[in-house]
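Report on the following structure.
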Amino acid sequence: MTHRLFARQLAKATKADGTLDVAALGALVSAAYDEADHDRSMTDRSIRLMTEELKARHNSLIESEARLSEQNRLFDAALSHMSHGLCMFDAELRLQVCNRRYLEMFGYSPDVVKPGVSLLDIYRYGASLGHYAGDDPEDLFAAARAERPELGRILLRRRLADDRTISMTLHPLADGRWVTTYEDVTDRLRADAKIAHMAMHDALTGLANRASFTAQLDFTIERARVTGDGFTLLCMDLDRFKEINDVFGHAAGDTLLRDLARRLTRACREAYLARVGGDEFMIVAPCTQASSIAALGRRLIEAAAQDVLFEGHRLKVGLSIGSATFPTDGADATALVANADAALYRAKADGRGRIRFFEPVMDLRLREKRDLQQDLQLALERGEFALHFQPQAAIGGEIVGFEALLRWIHPVRGLVPPATFIPVAEECGLILTIGEWVLREVCREAASWPRPLTVSVNISPVQLRHGDLVGAVHAALLETGLSPGRLELELDENTWGDDFSMTLSVLCRLKALGVRVSMDDFGAGYVALSYLQSFPFDKIKIGRAFVADMDRNGQSAAIVRSIAELGRGIGLDVWAQGIEKQSQAAFMADIACTGMQGHLVGRALPIGDYADVIGRPLPVRRKAG
């Protein structure tokens, strides 16, 4: 109750004579006390509310401080366990904070590198630890002060004396401070370098690979065009490498290639050597004189000829080389490689293990060979191959079988001789497909003959060494139903190669099928006698050269007689090829040969020309009119 209100109420309680109305006064006093009690209650309530609010705020502050403390703890833990080092410097490049990883990365003591220390002192400390390999700490500090924060984030790399590379990222802040992160990128850079090396180098030998060689050849050509200097490209191929892989396995081949790569590298000297394929190598040599190229070729061939030991075996290969010189033998990479390859092809044809220089006539031969190869790839599909059959007769004259001979009737070239297309088919591997077709067709044809005459098929060395000859023969017999005893496979001495055990295995598996095996052109080589002793032959066929020369050369006649006696002595049939005269046939009968074939017996013709021999009825010819 206010003083003014109390005065008015007091005036109302005063009587006219100036005395107070006791009852009214009592009520007034009671009301005043009631109001005072109310005011005290309100005041106490306000104080209580304020106290509660203050307590709530205090508790909230305590919780906030606890959260902030936990956040700081977590931040410190995260900072300490970062994989990157981290520092913060003020505008004067004094350290404000750093994490544990930063100290560990540089080997710094926390007693030295701590808040307040200058970046210059840190550089001096790092130099004392040998980090900067002669770099002046003053220069490093001056470079850091020269960084311009307005350019934004700055990326730097520093190579330390211990061969580590540290990547630094400088982040400028608005108030002039710097936050710097550090990452050890040594392993990443080494991995990147390894990947880059693998992309341009052969994994087995460590030599440059085809991609690297191509880049080097292009670069060398461009430089030679500017300087006017020439250079020579050598294309190299190993001889007999496939046989080593087949006999001793790929581990032996890998061992040989690694050893060979080291020896060729030494022989190359300043030349650029690359392995561009399985057993193919290329060299870019800075010489153009024939004598220098020949000398390099001899060094390479001699290096390749050295034996390599593998599990007690001596592995040996040869090396054939073709060379082409820029710009006379080719003005661009494509022509240069093609011409060096043509020279290599000539080196192989001339007996291998030698170097041959490109000659213009080789280019024509190479183009012809490639054209022939392309046509061969389509010949089967187009049905251009045909089979002719040459009769084989017992020594008394009765025809007992045929030799199947492959013919290629080209729509433009006409009849292509086997001596022309067979080597090309062997070189490109098409002989495997062609050989399987010949086996199927020969077996199918012979199975249809009413008379069960024998039929023989010539086998290529490629079929024996690199194809599944046993599987192909077995499939042809099953598919056509031809009796295995009627099929004879003819192999000459070139078929055997150096892999004795593999050849013996194949021949034994063929014999297990029931087919017959004969050695063709016997006597032409120098290993035939050892083969006769080891391999399961049924027949030997005397070489044509001896038969053709018998009438005018007594030595040839003596050789033929000796072969016949040898065959009889070891229980083999002996047949003579190239019989064209009655005198030759009479001589074979005199020395007791088993059989013969040649123009005197019959020429190689389509089987329809021998319908009466195989037991087919002759076609009926209608009379005119």
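Labels for the structure tokens follow display order: chains A, B, ..., residues from 1 in each chain, ligands from 1.
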
query: Looking only at the backbone, which of the residues in stretch 90-199 of chain A does DSSP tag as strand (DSSP E), as a ChimeraX atom specification?
result: /A:95-98,154-159,165-172,178-184

Quick one: write out the picked residues with C-alpha atoms as a PDB file, in the first residue's frame?
```
ATOM      1  CA  LEU A  95      55.222 -21.284 -34.218  1.00  0.00           C
ATOM      2  CA  GLN A  96      51.877 -21.237 -32.432  1.00  0.00           C
ATOM      3  CA  VAL A  97      50.956 -24.906 -32.522  1.00  0.00           C
ATOM      4  CA  CYS A  98      52.172 -28.161 -34.063  1.00  0.00           C
ATOM      5  CA  ILE A 154      50.810 -22.825 -51.976  1.00  0.00           C
ATOM      6  CA  LEU A 155      52.116 -26.340 -52.754  1.00  0.00           C
ATOM      7  CA  LEU A 156      55.804 -27.180 -52.278  1.00  0.00           C
ATOM      8  CA  ARG A 157      57.968 -30.307 -52.258  1.00  0.00           C
ATOM      9  CA  ARG A 158      61.223 -30.719 -50.422  1.00  0.00           C
ATOM     10  CA  ARG A 159      63.720 -33.548 -50.889  1.00  0.00           C
ATOM     11  CA  THR A 165      60.271 -36.352 -50.233  1.00  0.00           C
ATOM     12  CA  ILE A 166      57.974 -34.144 -48.121  1.00  0.00           C
ATOM     13  CA  SER A 167      54.984 -32.408 -49.686  1.00  0.00           C
ATOM     14  CA  MET A 168      54.031 -29.122 -47.964  1.00  0.00           C
ATOM     15  CA  THR A 169      50.769 -27.230 -48.359  1.00  0.00           C
ATOM     16  CA  LEU A 170      50.690 -23.634 -47.048  1.00  0.00           C
ATOM     17  CA  HIS A 171      47.238 -22.251 -46.211  1.00  0.00           C
ATOM     18  CA  PRO A 172      47.171 -18.446 -45.531  1.00  0.00           C
ATOM     19  CA  TRP A 178      49.745 -19.585 -41.846  1.00  0.00           C
ATOM     20  CA  VAL A 179      48.594 -23.182 -41.450  1.00  0.00           C
ATOM     21  CA  THR A 180      51.016 -25.651 -43.019  1.00  0.00           C
ATOM     22  CA  THR A 181      50.439 -29.373 -43.541  1.00  0.00           C
ATOM     23  CA  TYR A 182      53.222 -31.858 -44.280  1.00  0.00           C
ATOM     24  CA  GLU A 183      52.952 -35.270 -45.988  1.00  0.00           C
ATOM     25  CA  ASP A 184      55.671 -37.850 -46.590  1.00  0.00           C
TER      26      ASP A 184
END
```

message: With only C-alpha atoms as the counted atoms, please give the residues lying no more than 6 Å from A:Gly401, apart from itself and same-chain residues fewer than 3 positions off, as a PyMOL selection string.
response: chain A and resi 391-392+453-455

With C-alpha atoms retained, write the just-selected residues as a compact mmCIF listing (two decimals), in the first residue's frame.
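Result went into selection_23.txt, see below:
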```txt
# COMPACT_ATOMS: atom_id res chain seq x y z
CA PRO A 391 49.59 -94.00 -106.52
CA GLN A 392 52.01 -96.17 -104.59
CA LEU A 453 43.88 -99.08 -99.99
CA THR A 454 46.28 -97.17 -97.75
CA VAL A 455 46.67 -93.40 -97.86
```

I want to know what sits within 12 Å of A:Arg314, based on only C-alpha atoms, with residues of the same chain fewer than 5 positions away left out; could you give that as a PDB file with N, CA and C atoms, in the first residue's frame?
```pdb
ATOM      1  N   ILE A 244      63.245 -74.838 -76.587  1.00  0.00           N
ATOM      2  CA  ILE A 244      63.653 -74.809 -75.178  1.00  0.00           C
ATOM      3  C   ILE A 244      62.431 -74.693 -74.281  1.00  0.00           C
ATOM      4  N   PHE A 248      62.007 -77.866 -71.810  1.00  0.00           N
ATOM      5  CA  PHE A 248      62.381 -77.616 -70.416  1.00  0.00           C
ATOM      6  C   PHE A 248      61.366 -76.765 -69.659  1.00  0.00           C
ATOM      7  N   ALA A 252      62.605 -72.315 -67.738  1.00  0.00           N
ATOM      8  CA  ALA A 252      63.902 -72.348 -68.411  1.00  0.00           C
ATOM      9  C   ALA A 252      63.997 -71.230 -69.443  1.00  0.00           C
ATOM     10  N   GLY A 253      62.906 -71.037 -70.197  1.00  0.00           N
ATOM     11  CA  GLY A 253      62.901 -69.960 -71.184  1.00  0.00           C
ATOM     12  C   GLY A 253      63.074 -68.599 -70.540  1.00  0.00           C
ATOM     13  N   THR A 255      64.591 -67.963 -67.665  1.00  0.00           N
ATOM     14  CA  THR A 255      65.981 -67.867 -67.203  1.00  0.00           C
ATOM     15  C   THR A 255      66.899 -67.501 -68.350  1.00  0.00           C
ATOM     16  N   LEU A 256      66.694 -68.139 -69.484  1.00  0.00           N
ATOM     17  CA  LEU A 256      67.531 -67.849 -70.650  1.00  0.00           C
ATOM     18  C   LEU A 256      67.353 -66.406 -71.112  1.00  0.00           C
ATOM     19  N   ALA A 305      75.204 -66.830 -78.332  1.00  0.00           N
ATOM     20  CA  ALA A 305      75.621 -68.227 -78.520  1.00  0.00           C
ATOM     21  C   ALA A 305      76.124 -68.877 -77.236  1.00  0.00           C
ATOM     22  N   GLN A 306      76.363 -68.107 -76.185  1.00  0.00           N
ATOM     23  CA  GLN A 306      76.882 -68.668 -74.939  1.00  0.00           C
ATOM     24  C   GLN A 306      75.807 -69.525 -74.255  1.00  0.00           C
ATOM     25  N   ASP A 307      76.237 -70.630 -73.691  1.00  0.00           N
ATOM     26  CA  ASP A 307      75.311 -71.539 -73.004  1.00  0.00           C
ATOM     27  C   ASP A 307      74.776 -70.906 -71.729  1.00  0.00           C
ATOM     28  N   VAL A 308      73.551 -71.300 -71.362  1.00  0.00           N
ATOM     29  CA  VAL A 308      72.931 -70.901 -70.099  1.00  0.00           C
ATOM     30  C   VAL A 308      72.618 -72.153 -69.305  1.00  0.00           C
ATOM     31  N   LEU A 309      73.076 -72.224 -68.073  1.00  0.00           N
ATOM     32  CA  LEU A 309      72.828 -73.385 -67.227  1.00  0.00           C
ATOM     33  C   LEU A 309      71.472 -73.263 -66.557  1.00  0.00           C
TER      34      LEU A 309
END
```

- request: State, in Å with one decimal place, the distance from atom CA of A:Phe241 to atom CA of A:Pro423.
  value: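 Computing it gives 19.0 Å between the two atoms.
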
With a cut-off of 9 Å, could you pull out the residues of stretch 149-228 of chain A touching stretch 118-131 of chain A and give me the nearest pair of atoms for each, distance in Å to one decimal, using only C-alpha atoms, ordered by chain and ascending number, as a Markdown table?
```
| residue | atom | partner | partner_atom | distance |
| --- | --- | --- | --- | --- |
| A:Arg159 | CA | A:His131 | CA | 8.6 |
| A:Leu160 | CA | A:His131 | CA | 5.2 |
| A:Ala161 | CA | A:His131 | CA | 5.1 |
| A:Asp162 | CA | A:His131 | CA | 7.2 |
```

query: Expressed in Å to a single decimal, how great is the separation between atom CA of A:Asn99 and atom CA of A:Cys87?
result: 6.8 Å

field: Contact residues around A:Val400 with only C-alpha atoms at 12 Å, ignoring same-chain residues under 4 positions, as a list in words
entry: Gln390, Pro391, Gln392, Ala393, Ala394, Ile395, Gly396, Arg451, Pro452, Leu453, Thr454, Val455, Ser456, Arg486, Thr594, Gly595, Met596, Gln597, Val601, Val613 and Ile614 of chain A

For C-alpha atoms, I'd like the residues from the last selection saved as a compact mmCIF listing (two decimals), in the first residue's frame.
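And here is the file that came out, result-v4.txt:
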```
# COMPACT_ATOMS: atom_id res chain seq x y z
CA GLN A 390 49.77 -90.18 -106.37
CA PRO A 391 49.59 -94.00 -106.52
CA GLN A 392 52.01 -96.17 -104.59
CA ALA A 393 52.75 -99.64 -105.94
CA ALA A 394 54.27 -102.80 -104.57
CA ILE A 395 57.52 -103.73 -106.27
CA GLY A 396 55.59 -106.10 -108.56
CA ARG A 451 38.90 -101.02 -101.94
CA PRO A 452 40.71 -100.63 -98.57
CA LEU A 453 43.88 -99.08 -99.99
CA THR A 454 46.28 -97.17 -97.75
CA VAL A 455 46.67 -93.40 -97.86
CA SER A 456 49.63 -91.33 -96.64
CA ARG A 486 45.03 -97.54 -93.56
CA THR A 594 59.15 -103.21 -100.81
CA GLY A 595 57.47 -100.66 -103.08
CA MET A 596 57.79 -97.54 -105.18
CA GLN A 597 56.09 -94.43 -106.46
CA VAL A 601 53.60 -95.77 -111.46
CA VAL A 613 41.89 -98.35 -108.90
CA ILE A 614 39.92 -97.51 -105.77
```

query: If you measure from atom CA of A:Asp341 to atom CA of A:Val361, what distance in Å do you get, rounded to one decimal?
result: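 If I compute the distance from atom CA of A:Asp341 to atom CA of A:Val361, I get 13.2 Å.
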
- request: Please provide the set of residues having any atom within 10 Å of stretch 566-575 of chain A, restricted to only C-alpha atoms, with same-chain residues fewer than 4 positions apart removed, written as a ChimeraX atom specification.
  value: /A:392-395,518-522,529,532-533,536-543,560-562,588,592-597

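Proximity of A:Asp135, A:Glu311, A:Asp175, A:Ala303 to A:Phe89, computed with only C-alpha atoms, is greatest for A:Asp175.
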